[in-house]
$ cat protein13.txt   # compact mmCIF, N, CA and C atoms
# COMPACT_ATOMS: atom_id res chain seq x y z
N MET A 1 113.68 144.41 81.09
CA MET A 1 112.60 143.96 81.97
C MET A 1 112.21 142.52 81.67
N ILE A 2 112.21 142.15 80.38
CA ILE A 2 111.77 140.81 80.02
C ILE A 2 112.70 139.75 80.62
N GLY A 3 114.01 140.04 80.68
CA GLY A 3 114.97 139.11 81.27
C GLY A 3 114.68 138.85 82.73
N ARG A 4 114.31 139.90 83.45
CA ARG A 4 114.00 139.77 84.88
C ARG A 4 112.76 138.91 85.09
N GLU A 5 111.76 139.11 84.24
CA GLU A 5 110.52 138.33 84.35
C GLU A 5 110.77 136.86 84.04
N ILE A 6 111.61 136.59 83.05
CA ILE A 6 111.94 135.20 82.72
C ILE A 6 112.70 134.55 83.87
N ARG A 7 113.62 135.30 84.49
CA ARG A 7 114.35 134.77 85.65
C ARG A 7 113.40 134.47 86.79
N MET A 8 112.40 135.33 87.00
CA MET A 8 111.43 135.08 88.07
C MET A 8 110.61 133.83 87.77
N VAL A 9 110.19 133.67 86.53
CA VAL A 9 109.43 132.48 86.14
C VAL A 9 110.31 131.24 86.30
N TYR A 10 111.57 131.33 85.84
CA TYR A 10 112.50 130.22 85.97
C TYR A 10 112.69 129.86 87.45
N THR A 11 112.89 130.86 88.29
CA THR A 11 113.08 130.63 89.72
C THR A 11 111.85 129.96 90.34
N PHE A 12 110.66 130.40 89.94
CA PHE A 12 109.43 129.79 90.43
C PHE A 12 109.38 128.31 90.07
N PHE A 13 109.68 127.98 88.81
CA PHE A 13 109.63 126.58 88.38
C PHE A 13 110.77 125.76 88.97
N LEU A 14 111.91 126.38 89.19
CA LEU A 14 113.02 125.68 89.85
C LEU A 14 112.62 125.32 91.28
N TYR A 15 112.03 126.27 91.99
CA TYR A 15 111.55 126.02 93.35
C TYR A 15 110.49 124.92 93.35
N THR A 16 109.56 124.99 92.42
CA THR A 16 108.52 123.97 92.30
C THR A 16 109.14 122.61 92.03
N HIS A 17 110.13 122.58 91.16
CA HIS A 17 110.80 121.33 90.80
C HIS A 17 111.52 120.73 92.01
N ILE A 18 112.23 121.55 92.75
CA ILE A 18 112.95 121.07 93.93
C ILE A 18 111.98 120.59 95.00
N LEU A 19 110.92 121.36 95.24
CA LEU A 19 109.92 120.97 96.24
C LEU A 19 109.25 119.64 95.85
N SER A 20 108.91 119.48 94.58
CA SER A 20 108.28 118.23 94.15
C SER A 20 109.26 117.06 94.24
N ALA A 21 110.55 117.31 94.04
CA ALA A 21 111.56 116.26 94.21
C ALA A 21 111.62 115.82 95.68
N ILE A 22 111.56 116.78 96.58
CA ILE A 22 111.56 116.46 98.01
C ILE A 22 110.33 115.64 98.37
N ILE A 23 109.18 116.04 97.84
CA ILE A 23 107.93 115.32 98.14
C ILE A 23 107.92 113.94 97.48
N SER A 24 108.65 113.80 96.37
CA SER A 24 108.72 112.50 95.69
C SER A 24 109.65 111.53 96.40
N ILE A 25 110.67 112.04 97.07
CA ILE A 25 111.67 111.16 97.69
C ILE A 25 111.46 111.02 99.20
N GLY A 26 111.21 112.11 99.88
CA GLY A 26 111.14 112.11 101.34
C GLY A 26 110.19 111.09 101.95
N PRO A 27 108.95 111.02 101.47
CA PRO A 27 108.01 110.07 102.08
C PRO A 27 108.40 108.61 101.94
N LEU A 28 109.29 108.30 101.00
CA LEU A 28 109.73 106.92 100.86
C LEU A 28 110.43 106.43 102.12
N PHE A 29 111.13 107.31 102.79
CA PHE A 29 111.80 106.92 104.03
C PHE A 29 110.79 106.68 105.14
N ALA A 30 109.66 107.39 105.09
CA ALA A 30 108.58 107.12 106.05
C ALA A 30 107.99 105.74 105.80
N LEU A 31 107.95 105.33 104.53
CA LEU A 31 107.44 103.99 104.22
C LEU A 31 108.27 102.92 104.89
N LEU A 32 109.58 103.13 104.97
CA LEU A 32 110.44 102.16 105.64
C LEU A 32 110.09 102.04 107.12
N LEU A 33 109.75 103.16 107.74
CA LEU A 33 109.34 103.13 109.15
C LEU A 33 107.99 102.43 109.32
N ILE A 34 107.09 102.68 108.37
CA ILE A 34 105.78 102.02 108.40
C ILE A 34 105.96 100.51 108.27
N LEU A 35 106.82 100.09 107.36
CA LEU A 35 107.06 98.65 107.17
C LEU A 35 107.68 98.03 108.42
N LYS A 36 108.56 98.77 109.08
CA LYS A 36 109.15 98.27 110.32
C LYS A 36 108.06 98.06 111.38
N LYS A 37 107.14 98.99 111.48
CA LYS A 37 106.03 98.87 112.43
C LYS A 37 105.14 97.69 112.05
N MET A 38 104.90 97.51 110.75
CA MET A 38 104.04 96.42 110.29
C MET A 38 104.63 95.05 110.64
N ASP A 39 105.95 94.97 110.72
CA ASP A 39 106.61 93.71 111.11
C ASP A 39 106.11 93.19 112.45
N SER A 40 105.84 94.11 113.37
CA SER A 40 105.49 93.72 114.73
C SER A 40 103.99 93.59 114.97
N LEU A 41 103.19 93.85 113.95
CA LEU A 41 101.74 93.81 114.12
C LEU A 41 101.16 92.47 113.66
N GLU A 42 100.00 92.16 114.22
CA GLU A 42 99.24 91.01 113.75
C GLU A 42 98.58 91.39 112.43
N GLU A 43 98.28 90.39 111.63
CA GLU A 43 97.66 90.63 110.33
C GLU A 43 96.37 91.45 110.45
N SER A 44 95.61 91.21 111.49
CA SER A 44 94.35 91.92 111.67
C SER A 44 94.54 93.41 111.95
N GLN A 45 95.75 93.82 112.33
CA GLN A 45 96.04 95.22 112.66
C GLN A 45 96.68 95.99 111.50
N LEU A 46 96.88 95.34 110.38
CA LEU A 46 97.64 95.94 109.28
C LEU A 46 96.84 96.87 108.38
N TRP A 47 95.52 96.75 108.35
CA TRP A 47 94.69 97.46 107.38
C TRP A 47 95.00 98.95 107.30
N GLY A 48 95.05 99.62 108.42
CA GLY A 48 95.31 101.07 108.44
C GLY A 48 96.68 101.41 107.91
N PHE A 49 97.67 100.57 108.19
CA PHE A 49 99.02 100.82 107.71
C PHE A 49 99.12 100.58 106.20
N VAL A 50 98.38 99.59 105.70
CA VAL A 50 98.36 99.35 104.26
C VAL A 50 97.71 100.54 103.55
N GLN A 51 96.63 101.06 104.11
CA GLN A 51 95.99 102.25 103.53
C GLN A 51 96.92 103.45 103.56
N LEU A 52 97.63 103.64 104.67
CA LEU A 52 98.59 104.73 104.79
C LEU A 52 99.70 104.57 103.74
N PHE A 53 100.18 103.36 103.58
CA PHE A 53 101.22 103.06 102.59
C PHE A 53 100.73 103.45 101.20
N GLN A 54 99.52 103.04 100.85
CA GLN A 54 98.94 103.38 99.55
C GLN A 54 98.80 104.88 99.37
N SER A 55 98.37 105.56 100.42
CA SER A 55 98.20 107.02 100.34
C SER A 55 99.54 107.73 100.09
N ILE A 56 100.57 107.26 100.74
CA ILE A 56 101.89 107.87 100.56
C ILE A 56 102.38 107.62 99.13
N ILE A 57 102.15 106.43 98.60
CA ILE A 57 102.53 106.14 97.21
C ILE A 57 101.77 107.08 96.27
N THR A 58 100.51 107.35 96.54
CA THR A 58 99.71 108.26 95.71
C THR A 58 100.29 109.67 95.76
N ILE A 59 100.68 110.13 96.93
CA ILE A 59 101.30 111.46 97.08
C ILE A 59 102.60 111.52 96.28
N ILE A 60 103.41 110.48 96.39
CA ILE A 60 104.68 110.42 95.67
C ILE A 60 104.43 110.47 94.16
N LYS A 61 103.41 109.72 93.71
CA LYS A 61 103.08 109.67 92.28
C LYS A 61 102.68 111.06 91.77
N HIS A 62 101.82 111.75 92.51
CA HIS A 62 101.35 113.07 92.06
C HIS A 62 102.47 114.11 92.14
N ALA A 63 103.33 114.00 93.14
CA ALA A 63 104.50 114.90 93.19
C ALA A 63 105.39 114.65 91.99
N GLY A 64 105.46 113.41 91.56
CA GLY A 64 106.23 113.06 90.36
C GLY A 64 105.67 113.73 89.12
N HIS A 65 104.34 113.85 89.04
CA HIS A 65 103.74 114.54 87.91
C HIS A 65 104.19 116.00 87.87
N VAL A 66 104.16 116.65 89.02
CA VAL A 66 104.61 118.04 89.11
C VAL A 66 106.10 118.13 88.77
N LEU A 67 106.86 117.16 89.23
CA LEU A 67 108.30 117.12 88.96
C LEU A 67 108.58 117.06 87.45
N VAL A 68 107.85 116.22 86.76
CA VAL A 68 108.05 116.07 85.31
C VAL A 68 107.65 117.36 84.58
N ILE A 69 106.49 117.89 84.89
CA ILE A 69 106.02 119.10 84.21
C ILE A 69 106.96 120.28 84.46
N SER A 70 107.35 120.46 85.72
CA SER A 70 108.26 121.57 86.02
C SER A 70 109.63 121.34 85.38
N GLY A 71 110.06 120.09 85.29
CA GLY A 71 111.33 119.78 84.63
C GLY A 71 111.30 120.12 83.15
N ILE A 72 110.20 119.80 82.49
CA ILE A 72 110.05 120.14 81.07
C ILE A 72 110.13 121.65 80.88
N ILE A 73 109.42 122.38 81.72
CA ILE A 73 109.42 123.84 81.62
C ILE A 73 110.82 124.39 81.89
N LEU A 74 111.52 123.82 82.85
CA LEU A 74 112.88 124.29 83.15
C LEU A 74 113.83 124.05 81.98
N ILE A 75 113.71 122.91 81.32
CA ILE A 75 114.57 122.64 80.16
C ILE A 75 114.28 123.68 79.07
N ILE A 76 113.02 123.95 78.84
CA ILE A 76 112.64 124.93 77.80
C ILE A 76 113.18 126.32 78.16
N LEU A 77 113.05 126.72 79.40
CA LEU A 77 113.49 128.06 79.82
C LEU A 77 115.00 128.19 79.95
N SER A 78 115.68 127.09 80.22
CA SER A 78 117.10 127.17 80.58
C SER A 78 118.05 127.23 79.40
N GLY A 79 117.66 126.69 78.29
CA GLY A 79 118.59 126.63 77.17
C GLY A 79 119.31 125.30 77.05
N TRP A 80 119.12 124.39 78.02
CA TRP A 80 119.66 123.04 77.88
C TRP A 80 118.93 122.37 76.72
N THR A 81 119.62 121.48 76.03
CA THR A 81 118.96 120.78 74.94
C THR A 81 118.48 119.41 75.41
N TRP A 82 117.53 118.85 74.68
CA TRP A 82 116.98 117.54 75.03
C TRP A 82 117.97 116.42 74.76
N THR A 83 119.06 116.71 74.04
CA THR A 83 120.06 115.69 73.74
C THR A 83 121.27 115.76 74.67
N THR A 84 121.26 116.67 75.62
CA THR A 84 122.34 116.75 76.61
C THR A 84 122.33 115.45 77.42
N SER A 85 123.52 114.92 77.67
CA SER A 85 123.62 113.59 78.29
C SER A 85 122.84 113.47 79.59
N TRP A 86 122.96 114.44 80.49
CA TRP A 86 122.28 114.31 81.77
C TRP A 86 120.77 114.40 81.61
N VAL A 87 120.29 115.14 80.62
CA VAL A 87 118.85 115.24 80.37
C VAL A 87 118.34 113.90 79.83
N VAL A 88 119.05 113.34 78.84
CA VAL A 88 118.65 112.06 78.26
C VAL A 88 118.64 110.97 79.33
N LEU A 89 119.69 110.90 80.13
CA LEU A 89 119.79 109.87 81.16
C LEU A 89 118.72 110.05 82.25
N THR A 90 118.44 111.29 82.60
CA THR A 90 117.38 111.55 83.58
C THR A 90 116.04 111.06 83.04
N ILE A 91 115.77 111.33 81.77
CA ILE A 91 114.51 110.90 81.17
C ILE A 91 114.43 109.37 81.13
N LEU A 92 115.53 108.72 80.77
CA LEU A 92 115.53 107.25 80.73
C LEU A 92 115.29 106.63 82.11
N VAL A 93 115.97 107.17 83.12
CA VAL A 93 115.77 106.67 84.48
C VAL A 93 114.34 106.98 84.94
N MET A 94 113.84 108.16 84.56
CA MET A 94 112.46 108.52 84.93
C MET A 94 111.47 107.54 84.31
N LEU A 95 111.65 107.21 83.05
CA LEU A 95 110.74 106.25 82.40
C LEU A 95 110.82 104.90 83.10
N GLY A 96 112.03 104.48 83.44
CA GLY A 96 112.20 103.24 84.19
C GLY A 96 111.52 103.29 85.55
N SER A 97 111.62 104.44 86.21
CA SER A 97 111.00 104.56 87.54
C SER A 97 109.48 104.57 87.45
N ILE A 98 108.94 105.13 86.36
CA ILE A 98 107.49 105.13 86.18
C ILE A 98 106.99 103.70 86.00
N ILE A 99 107.69 102.94 85.17
CA ILE A 99 107.32 101.53 84.96
C ILE A 99 107.48 100.77 86.26
N PHE A 100 108.58 101.02 86.96
CA PHE A 100 108.83 100.34 88.23
C PHE A 100 107.74 100.67 89.24
N LEU A 101 107.39 101.94 89.37
CA LEU A 101 106.38 102.35 90.35
C LEU A 101 105.05 101.67 90.06
N ALA A 102 104.70 101.56 88.79
CA ALA A 102 103.43 100.94 88.41
C ALA A 102 103.40 99.46 88.76
N ARG A 103 104.56 98.80 88.69
CA ARG A 103 104.61 97.35 88.90
C ARG A 103 105.08 96.92 90.29
N ALA A 104 105.71 97.81 91.01
CA ALA A 104 106.36 97.41 92.26
C ALA A 104 105.42 97.31 93.44
N PHE A 105 104.51 98.22 93.57
CA PHE A 105 103.72 98.30 94.79
C PHE A 105 102.31 97.75 94.64
N LYS A 106 101.62 98.14 93.59
CA LYS A 106 100.21 97.79 93.44
C LYS A 106 99.94 96.28 93.46
N PRO A 107 100.67 95.46 92.69
CA PRO A 107 100.39 94.02 92.73
C PRO A 107 100.58 93.42 94.12
N THR A 108 101.61 93.87 94.83
CA THR A 108 101.85 93.36 96.18
C THR A 108 100.75 93.81 97.12
N ILE A 109 100.40 95.09 97.07
CA ILE A 109 99.36 95.62 97.96
C ILE A 109 98.02 94.94 97.70
N HIS A 110 97.75 94.61 96.46
CA HIS A 110 96.47 93.96 96.13
C HIS A 110 96.36 92.55 96.70
N THR A 111 97.47 91.96 97.14
CA THR A 111 97.37 90.64 97.77
C THR A 111 96.83 90.74 99.20
N PHE A 112 96.90 91.94 99.77
CA PHE A 112 96.43 92.10 101.16
C PHE A 112 94.94 91.78 101.24
N GLY A 113 94.60 90.95 102.21
CA GLY A 113 93.20 90.56 102.41
C GLY A 113 92.73 89.43 101.51
N THR A 114 93.66 88.85 100.74
CA THR A 114 93.29 87.72 99.89
C THR A 114 93.94 86.45 100.43
N THR A 115 93.61 85.35 99.80
CA THR A 115 94.21 84.08 100.21
C THR A 115 95.69 84.00 99.82
N ASP A 116 96.12 84.84 98.91
CA ASP A 116 97.53 84.88 98.50
C ASP A 116 98.41 85.66 99.48
N PHE A 117 97.79 86.32 100.46
CA PHE A 117 98.54 87.19 101.37
C PHE A 117 99.40 86.38 102.33
N ASN A 118 100.66 86.77 102.41
CA ASN A 118 101.60 86.24 103.39
C ASN A 118 102.33 87.46 103.95
N LYS A 119 102.12 87.74 105.22
CA LYS A 119 102.62 88.98 105.82
C LYS A 119 104.13 89.15 105.62
N GLU A 120 104.90 88.11 105.86
CA GLU A 120 106.35 88.23 105.76
C GLU A 120 106.79 88.55 104.33
N ILE A 121 106.25 87.82 103.37
CA ILE A 121 106.58 88.05 101.96
C ILE A 121 106.10 89.44 101.53
N PHE A 122 104.91 89.81 101.97
CA PHE A 122 104.32 91.12 101.68
C PHE A 122 105.27 92.24 102.10
N ILE A 123 105.74 92.19 103.34
CA ILE A 123 106.61 93.23 103.87
C ILE A 123 107.98 93.21 103.18
N ILE A 124 108.51 92.03 102.93
CA ILE A 124 109.80 91.92 102.24
C ILE A 124 109.72 92.54 100.85
N LYS A 125 108.66 92.22 100.10
CA LYS A 125 108.50 92.77 98.75
C LYS A 125 108.36 94.29 98.78
N LEU A 126 107.53 94.80 99.70
CA LEU A 126 107.35 96.25 99.78
C LEU A 126 108.63 96.96 100.20
N ARG A 127 109.37 96.35 101.13
CA ARG A 127 110.63 96.96 101.57
C ARG A 127 111.64 96.98 100.42
N LYS A 128 111.76 95.88 99.72
CA LYS A 128 112.70 95.80 98.58
C LYS A 128 112.30 96.82 97.51
N SER A 129 111.03 96.91 97.18
CA SER A 129 110.55 97.86 96.18
C SER A 129 110.81 99.29 96.61
N THR A 130 110.61 99.57 97.90
CA THR A 130 110.85 100.92 98.41
C THR A 130 112.31 101.30 98.25
N TRP A 131 113.22 100.41 98.65
CA TRP A 131 114.65 100.71 98.52
C TRP A 131 115.06 100.86 97.06
N LEU A 132 114.53 100.02 96.17
CA LEU A 132 114.86 100.13 94.75
C LEU A 132 114.34 101.45 94.17
N TYR A 133 113.15 101.85 94.57
CA TYR A 133 112.60 103.11 94.08
C TYR A 133 113.40 104.30 94.62
N ILE A 134 113.81 104.23 95.88
CA ILE A 134 114.68 105.28 96.44
C ILE A 134 115.95 105.37 95.60
N PHE A 135 116.55 104.22 95.29
CA PHE A 135 117.77 104.20 94.49
C PHE A 135 117.55 104.87 93.13
N LEU A 136 116.47 104.50 92.44
CA LEU A 136 116.18 105.09 91.13
C LEU A 136 116.03 106.62 91.23
N LEU A 137 115.30 107.07 92.24
CA LEU A 137 115.10 108.51 92.39
C LEU A 137 116.39 109.23 92.75
N LEU A 138 117.24 108.59 93.53
CA LEU A 138 118.52 109.23 93.88
C LEU A 138 119.46 109.28 92.67
N VAL A 139 119.40 108.29 91.78
CA VAL A 139 120.18 108.34 90.55
C VAL A 139 119.70 109.52 89.70
N MET A 140 118.37 109.64 89.58
CA MET A 140 117.81 110.76 88.82
C MET A 140 118.23 112.09 89.44
N LEU A 141 118.17 112.17 90.74
CA LEU A 141 118.56 113.39 91.44
C LEU A 141 120.03 113.72 91.17
N TRP A 142 120.87 112.70 91.17
CA TRP A 142 122.29 112.92 90.90
C TRP A 142 122.47 113.50 89.49
N PHE A 143 121.77 112.95 88.50
CA PHE A 143 121.88 113.48 87.13
C PHE A 143 121.47 114.95 87.09
N MET A 144 120.40 115.29 87.80
CA MET A 144 119.91 116.67 87.74
C MET A 144 120.82 117.65 88.49
N VAL A 145 121.47 117.19 89.54
CA VAL A 145 122.34 118.08 90.32
C VAL A 145 123.75 118.13 89.74
N ALA A 146 124.34 116.97 89.45
CA ALA A 146 125.72 116.92 88.96
C ALA A 146 125.82 117.30 87.49
N LYS A 147 124.75 117.06 86.73
CA LYS A 147 124.70 117.36 85.31
C LYS A 147 125.94 116.86 84.57
N PRO A 148 126.22 115.54 84.65
CA PRO A 148 127.42 115.03 84.00
C PRO A 148 127.33 115.15 82.47
N GLU A 149 128.41 115.57 81.87
CA GLU A 149 128.50 115.68 80.41
C GLU A 149 129.19 114.40 79.93
N LEU A 150 128.40 113.40 79.54
CA LEU A 150 128.96 112.11 79.14
C LEU A 150 129.14 112.00 77.63
N TRP A 151 128.51 112.88 76.89
CA TRP A 151 128.73 112.96 75.43
C TRP A 151 128.51 114.37 74.95
$ encode --input "protein13.txt" --output "structure tokens"
Amino acid sequence: MIGREIRMVYTFFLYTHILSAIISIGPLFALLLILKKMDSLEESQLWGFVQLFQSIITIIKHAGHVLVISGIILIILSGWTWTTSWVVLTILVMLGSIIFLARAFKPTIHTFGTTDFNKEIFIIKLRKSTWLYIFLLLVMLWFMVAKPELW
């Protein structure tokens, strides 16, 4: 009976982990659409889109918290070790993505409404950061799905 209960708990956390990965990655593609729309707007019309952009980043960040916690629980329940190559590389990319997320969007968004604001540069920086963050998350996703044994 205990084995069945552990499998159910594992399945619950696996589902939670996958769902949080979807919520962490999926909205990034919506950000690209928002940025495309912002290209065609006047500066005075951007406020709502900037707020929406910030809200989506907040959702992504919180989904990332769930992703990390559920990932830790899955490693503990699964029998994988913390020194397995794909686990180590996932953690390293995750740490890089956390640092990147903290530095990529907030400083640019904070220029909105200031004398430093330049709409074209603003959108270019946010678009570049979005694509780089998508890339980082897809690398992490590849490690978790392919589970390469590199050492």
$ residues_around --input "protein13.txt" --residues "Leu150 (chain A)" --least-positions-apart "5" --cutoff "7 Å" --atoms "all atoms listed in the file" --output "list in words"
Thr84, Ser85 and Trp86 of chain A
$ select_by_dssp --input "protein13.txt" --residues "chain A" --states "alpha helix (DSSP H)" --output "PyMOL selection string"
chain A and resi 2-39+47-78+85-104+106-109+119-146
$ closest_residue --input "protein13.txt" --among "A:Leu132, A:Leu14, A:Ala102, A:Leu126" --to "Ile72 (chain A)" --atoms "only C-alpha atoms"
A:Leu14
$ residues_around --input "protein13.txt" --residues "Ala146 (chain A)" --least-positions-apart "3" --cutoff "12 Å" --atoms "only C-alpha atoms" --output "ChimeraX atom specification"
/A:85-87,90,138-143,149-150
$ residues_around --input "protein13.txt" --residues "Ile60 (chain A)" --least-positions-apart "5" --cutoff "8 Å" --atoms "only C-alpha atoms" --output "number ranges by chain"
A: 23-25, 27
$ atom_distance --input "protein13.txt" --atom1 "CA of Met144 (chain A)" --atom2 "CA of Lys125 (chain A)"
28.7 Å
$ atom_distance --input "protein13.txt" --atom1 "atom N of Ile98 (chain A)" --atom2 "CA of Thr130 (chain A)"
12.9 Å
$ residues_around --input "protein13.txt" --residues "Leu74 (chain A)" --least-positions-apart "3" --cutoff "9 Å" --atoms "only C-alpha atoms" --output "VMD selection string"
chain A and resid 10 13 to 14 17 69 to 71 77 to 80
